[in-house]
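Everything on this sheet refers to the single structure shown next.
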Amino acid sequence: MNRDIQIALLGMTGRLGGAIGRAILARPGLAISGASVRSGSPVEGGDIGRFLTGEVTGVTASVSLETALQGCDIVIDASLPELTMSAIKLLKKMGNIPFVSGVTGLNSAQQDALIAAAGHSPVLQAGNFSLGVAMAERLVREAASLPAEDWDIEIEESHHRRKADAPSGTALLLGRAAATGRRESLDEVADWARHGHTGARKPGQIGFAVTRGGGIIGEHAVRFLSEMEEITISHRAFDRAVFARGAVEATLWMINAGEGRPAGLYSMQDVVRG
Ligand SMILES: NC(=O)c1ccc[n+]([C@@H]2O[C@H](COP(=O)([O-])OP(=O)(O)OC[C@H]3O[C@@H](n4cnc5c(N)ncnc54)[C@H](OP(=O)(O)O)[C@@H]3O)[C@@H](O)[C@H]2O)c1
């Protein structure tokens, strides 16, 4: 591609979207062609660059999703499930635009809708954009697949007090990796929360524990526990910029030097594989 890659950004006023927006503007070869904001947002009709970095870009934040997506090469979605659902309805109509989403907490109907969109457009879904988490995911799958029957798997995650969904998309991703390593379905073996007289732990369960508080950006640990020892695979993000960097890498992978990717559902595993 000889020109800048034009990116429509959803959720620009949020924590993740703001970090991604700043990373795009800082990266030569990438440009924001549009951004959607909520009706009544103080940024509505304003210059996106002025909001993100203070520098004028000439691109205006729009309440209309269709306007925000107009002329883009790819969409990066850092919003929340409701807007994700509205956006994927437009992908086909607007020419099967590639879609990169970091939004977590989709319910099963919303997840099905995203999978359906991947039937006609390239869709990359990343519960966590961090390349380190993608590595941890691989290690967890590998560790869980090793023949050792008495390891209990417990997943712990901690996030800031404003996070709205639990367990985090990353905890689910790591849980799925562990379940896949054991050739199980996470839904069948997950123990989402414990309270009261729970009885003894059932063999083969994958347990989850959630902490919410303060400004924690994101911490995850997958613990493999036997009677005698423990192995932990953990990941800690020090800076939200790690997600922004991964989102940019995912976008470049989807654009594939202008060749694009066929319709389908992709993940950060595809990005780290290259
Ligand atoms: N994949 C990753 O690496 C990663 C990392 C961190 C977070 N996340 C996930 O990314 C999502 C966003 O997280 P966050 O912490 O950035 O949340 P946030 O700060 O609440 O940001 C959400 C953004 O979406 C916008 N939005 C939501 N619904 C909208 C609607 N109907 N119309 C227009 N705009 C709408 C919000 O606009 P307003 O400001 O106007 O409300 C805001 O800009 C969550 O699902 C979170 O779990 C993923």
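A note on labels: chains of the structure tokens are A, B, ... as shown, every chain counts residues from 1, and ligands are counted from 1 in their shown order.
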Practice item. For region 241-256 of chain A, list every protein, DNA or RNA residue within 6 Å, evaluated using only C-alpha atoms, and leave out those in the same chain fewer than 4 positions away; present the list as a PyMOL selection string. Key: chain A and resi 19-20+129-130+260-261+271
Produce a file of the selected residues containing C-alpha atoms, as a PDB file, in the first residue's frame.
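What follows is the written file out.pdb:
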```
ATOM      1  CA  ALA A  19      -4.529   4.503  23.709  1.00  0.00           C
ATOM      2  CA  ILE A  20      -5.106   2.920  20.288  1.00  0.00           C
ATOM      3  CA  PHE A 129      -4.289  -7.400  22.241  1.00  0.00           C
ATOM      4  CA  SER A 130      -1.066  -8.002  24.168  1.00  0.00           C
ATOM      5  CA  GLY A 260      -5.975  -8.253   2.900  1.00  0.00           C
ATOM      6  CA  ARG A 261      -7.181 -11.512   4.441  1.00  0.00           C
ATOM      7  CA  VAL A 271      -0.826 -12.429  14.425  1.00  0.00           C
TER       8      VAL A 271
END
```
Exercise for review: Give the residue list for ligand 1 at 6 Å, counting only C-alpha atoms and all ligand atoms, as a PyMOL selection string, sorted by chain and then by residue number.
Suggested key: chain A and resi 11-17+37-38+41+78-80+82-83+102-105+126-130+243
Please dump the current selection as a PDB file, in the first residue's frame; keep C-alpha atoms.
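That gives us part-v5.pdb:
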```pdb
ATOM      1  CA  GLY A  11     -14.628   3.814  21.281  1.00  0.00           C
ATOM      2  CA  MET A  12     -12.044   6.566  20.825  1.00  0.00           C
ATOM      3  CA  THR A  13     -13.093   8.363  24.010  1.00  0.00           C
ATOM      4  CA  GLY A  14     -12.544   5.242  26.138  1.00  0.00           C
ATOM      5  CA  ARG A  15      -9.412   4.010  27.910  1.00  0.00           C
ATOM      6  CA  LEU A  16      -8.491   1.404  25.285  1.00  0.00           C
ATOM      7  CA  GLY A  17      -9.710   3.436  22.296  1.00  0.00           C
ATOM      8  CA  VAL A  37     -18.801   8.854  19.429  1.00  0.00           C
ATOM      9  CA  ARG A  38     -21.979   8.750  21.457  1.00  0.00           C
ATOM     10  CA  SER A  41     -20.405  13.356  23.730  1.00  0.00           C
ATOM     11  CA  ALA A  78     -12.484  -0.562  21.238  1.00  0.00           C
ATOM     12  CA  SER A  79     -16.041   0.197  22.282  1.00  0.00           C
ATOM     13  CA  LEU A  80     -18.579  -1.918  24.129  1.00  0.00           C
ATOM     14  CA  GLU A  82     -23.799  -2.700  21.914  1.00  0.00           C
ATOM     15  CA  LEU A  83     -21.764  -0.599  19.466  1.00  0.00           C
ATOM     16  CA  GLY A 102     -10.869  -5.910  21.285  1.00  0.00           C
ATOM     17  CA  VAL A 103     -14.257  -5.713  22.952  1.00  0.00           C
ATOM     18  CA  THR A 104     -14.935  -8.315  25.632  1.00  0.00           C
ATOM     19  CA  GLY A 105     -18.052  -9.405  27.481  1.00  0.00           C
ATOM     20  CA  ALA A 126      -8.811 -10.301  20.530  1.00  0.00           C
ATOM     21  CA  GLY A 127      -9.868 -10.682  24.148  1.00  0.00           C
ATOM     22  CA  ASN A 128      -6.434  -9.213  24.805  1.00  0.00           C
ATOM     23  CA  PHE A 129      -4.289  -7.400  22.241  1.00  0.00           C
ATOM     24  CA  SER A 130      -1.066  -8.002  24.168  1.00  0.00           C
ATOM     25  CA  PHE A 243      -2.818  -3.232  24.088  1.00  0.00           C
TER      26      PHE A 243
END
```
Exercise for review: Quick one: pick out all strand (DSSP E) residues within region 5-233 of chain A from a backbone DSSP run and write them as a VMD selection string.
Suggested key: chain A and resid 5 to 10 30 to 36 61 to 62 74 to 77 99 to 101 122 to 125 152 to 159 190 to 191 206 to 212 219 to 225 230 to 233
Check your understanding: Quick one: residues within 9 Å of Ala209 (chain A), only C-alpha atoms counted, chain neighbours fewer than 2 positions away excluded, as a ChimeraX atom specification?
Key -> /A:154-158,167,192-194,207,211
Keeping only N, CA and C atoms, write the selected residues as a PDB file, in the first residue's frame.
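Below is the file selection.pdb, written as the result:
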```
ATOM      1  N   GLU A 154      -6.410 -23.409  38.049  1.00  0.00           N
ATOM      2  CA  GLU A 154      -7.145 -22.261  38.599  1.00  0.00           C
ATOM      3  C   GLU A 154      -6.666 -21.000  37.897  1.00  0.00           C
ATOM      4  N   ILE A 155      -7.602 -20.145  37.523  1.00  0.00           N
ATOM      5  CA  ILE A 155      -7.244 -18.911  36.804  1.00  0.00           C
ATOM      6  C   ILE A 155      -7.648 -17.704  37.650  1.00  0.00           C
ATOM      7  N   GLU A 156      -6.668 -16.833  37.878  1.00  0.00           N
ATOM      8  CA  GLU A 156      -6.931 -15.631  38.685  1.00  0.00           C
ATOM      9  C   GLU A 156      -6.738 -14.403  37.811  1.00  0.00           C
ATOM     10  N   GLU A 157      -7.616 -13.436  37.975  1.00  0.00           N
ATOM     11  CA  GLU A 157      -7.427 -12.184  37.224  1.00  0.00           C
ATOM     12  C   GLU A 157      -7.789 -10.989  38.076  1.00  0.00           C
ATOM     13  N   SER A 158      -7.074  -9.873  37.863  1.00  0.00           N
ATOM     14  CA  SER A 158      -7.325  -8.627  38.591  1.00  0.00           C
ATOM     15  C   SER A 158      -7.383  -7.474  37.606  1.00  0.00           C
ATOM     16  N   PRO A 167     -15.607 -13.139  34.378  1.00  0.00           N
ATOM     17  CA  PRO A 167     -14.157 -12.936  34.334  1.00  0.00           C
ATOM     18  C   PRO A 167     -13.763 -12.186  33.054  1.00  0.00           C
ATOM     19  N   TRP A 192     -17.192 -21.048  37.653  1.00  0.00           N
ATOM     20  CA  TRP A 192     -17.061 -19.597  37.503  1.00  0.00           C
ATOM     21  C   TRP A 192     -16.902 -18.861  38.830  1.00  0.00           C
ATOM     22  N   ALA A 193     -17.547 -19.397  39.902  1.00  0.00           N
ATOM     23  CA  ALA A 193     -17.449 -18.695  41.192  1.00  0.00           C
ATOM     24  C   ALA A 193     -17.782 -19.683  42.300  1.00  0.00           C
ATOM     25  N   ARG A 194     -17.213 -19.454  43.480  1.00  0.00           N
ATOM     26  CA  ARG A 194     -17.483 -20.360  44.604  1.00  0.00           C
ATOM     27  C   ARG A 194     -18.011 -19.558  45.785  1.00  0.00           C
ATOM     28  N   GLY A 207     -11.113 -23.528  37.584  1.00  0.00           N
ATOM     29  CA  GLY A 207     -11.749 -22.536  38.459  1.00  0.00           C
ATOM     30  C   GLY A 207     -11.322 -21.114  38.114  1.00  0.00           C
ATOM     31  N   THR A 211     -10.616 -10.365  40.910  1.00  0.00           N
ATOM     32  CA  THR A 211     -10.403  -9.215  41.796  1.00  0.00           C
ATOM     33  C   THR A 211     -10.694  -7.948  41.008  1.00  0.00           C
TER      34      THR A 211
END
```
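Nearest to Glu55 (chain A) of all the residues A:Leu25, A:Gly71, A:Leu225, A:His220 is A:Leu25, counting only C-alpha atoms.
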Could you name the residues that touch Ala8 (chain A) at 8 Å or less, counting only C-alpha atoms, but leaving out those on the same chain fewer than 6 positions away, as a compact mmCIF listing (two decimals) with N, CA and C atoms, in the first residue's frame?
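around01.txt, freshly written:
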```txt
# COMPACT_ATOMS: atom_id res chain seq x y z
N ILE A 32 -6.23 7.86 11.00
CA ILE A 32 -7.62 7.66 11.43
C ILE A 32 -8.50 8.40 10.43
N SER A 33 -9.39 7.63 9.77
CA SER A 33 -10.26 8.27 8.77
C SER A 33 -11.60 8.65 9.36
N GLY A 34 -11.94 8.07 10.50
CA GLY A 34 -13.21 8.39 11.13
C GLY A 34 -13.30 7.79 12.51
N ALA A 35 -14.15 8.37 13.33
CA ALA A 35 -14.35 7.82 14.69
C ALA A 35 -15.78 8.09 15.09
N ALA A 68 -18.62 7.38 10.16
CA ALA A 68 -17.31 7.04 10.73
C ALA A 68 -16.60 5.98 9.90
N LEU A 69 -17.38 5.06 9.32
CA LEU A 69 -16.76 3.94 8.57
C LEU A 69 -16.49 4.30 7.10
N CYS A 72 -13.00 3.87 4.99
CA CYS A 72 -11.92 3.25 5.77
C CYS A 72 -11.45 1.96 5.12
N ASP A 73 -10.22 1.57 5.42
CA ASP A 73 -9.70 0.27 4.97
C ASP A 73 -9.99 -0.80 6.01
N ILE A 74 -10.16 -0.38 7.26
CA ILE A 74 -10.32 -1.34 8.35
C ILE A 74 -10.94 -0.61 9.55
N VAL A 75 -11.65 -1.37 10.37
CA VAL A 75 -12.24 -0.80 11.59
C VAL A 75 -11.50 -1.38 12.79
N ILE A 76 -11.15 -0.52 13.74
CA ILE A 76 -10.68 -1.04 15.04
C ILE A 76 -11.76 -0.69 16.06
```
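CA of Arg162 (chain A) to CA of Val210 (chain A) spans 13.4 Å [interatomic distance, one decimal].
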**Study point:** DSSP helix (DSSP H, G or I) residues within region 39-246 of chain A, listed as JSON, numbers by chain
**Key:** {"A": [48, 49, 50, 51, 52, 65, 66, 67, 68, 69, 81, 82, 83, 84, 85, 86, 87, 88, 89, 90, 91, 92, 93, 108, 109, 110, 111, 112, 113, 114, 115, 116, 117, 131, 132, 133, 134, 135, 136, 137, 138, 139, 140, 141, 142, 143, 144, 145, 169, 170, 171, 172, 173, 174, 175, 176, 177, 178, 179, 180, 181, 186, 187, 188, 189, 241, 242, 243, 244, 245, 246]}
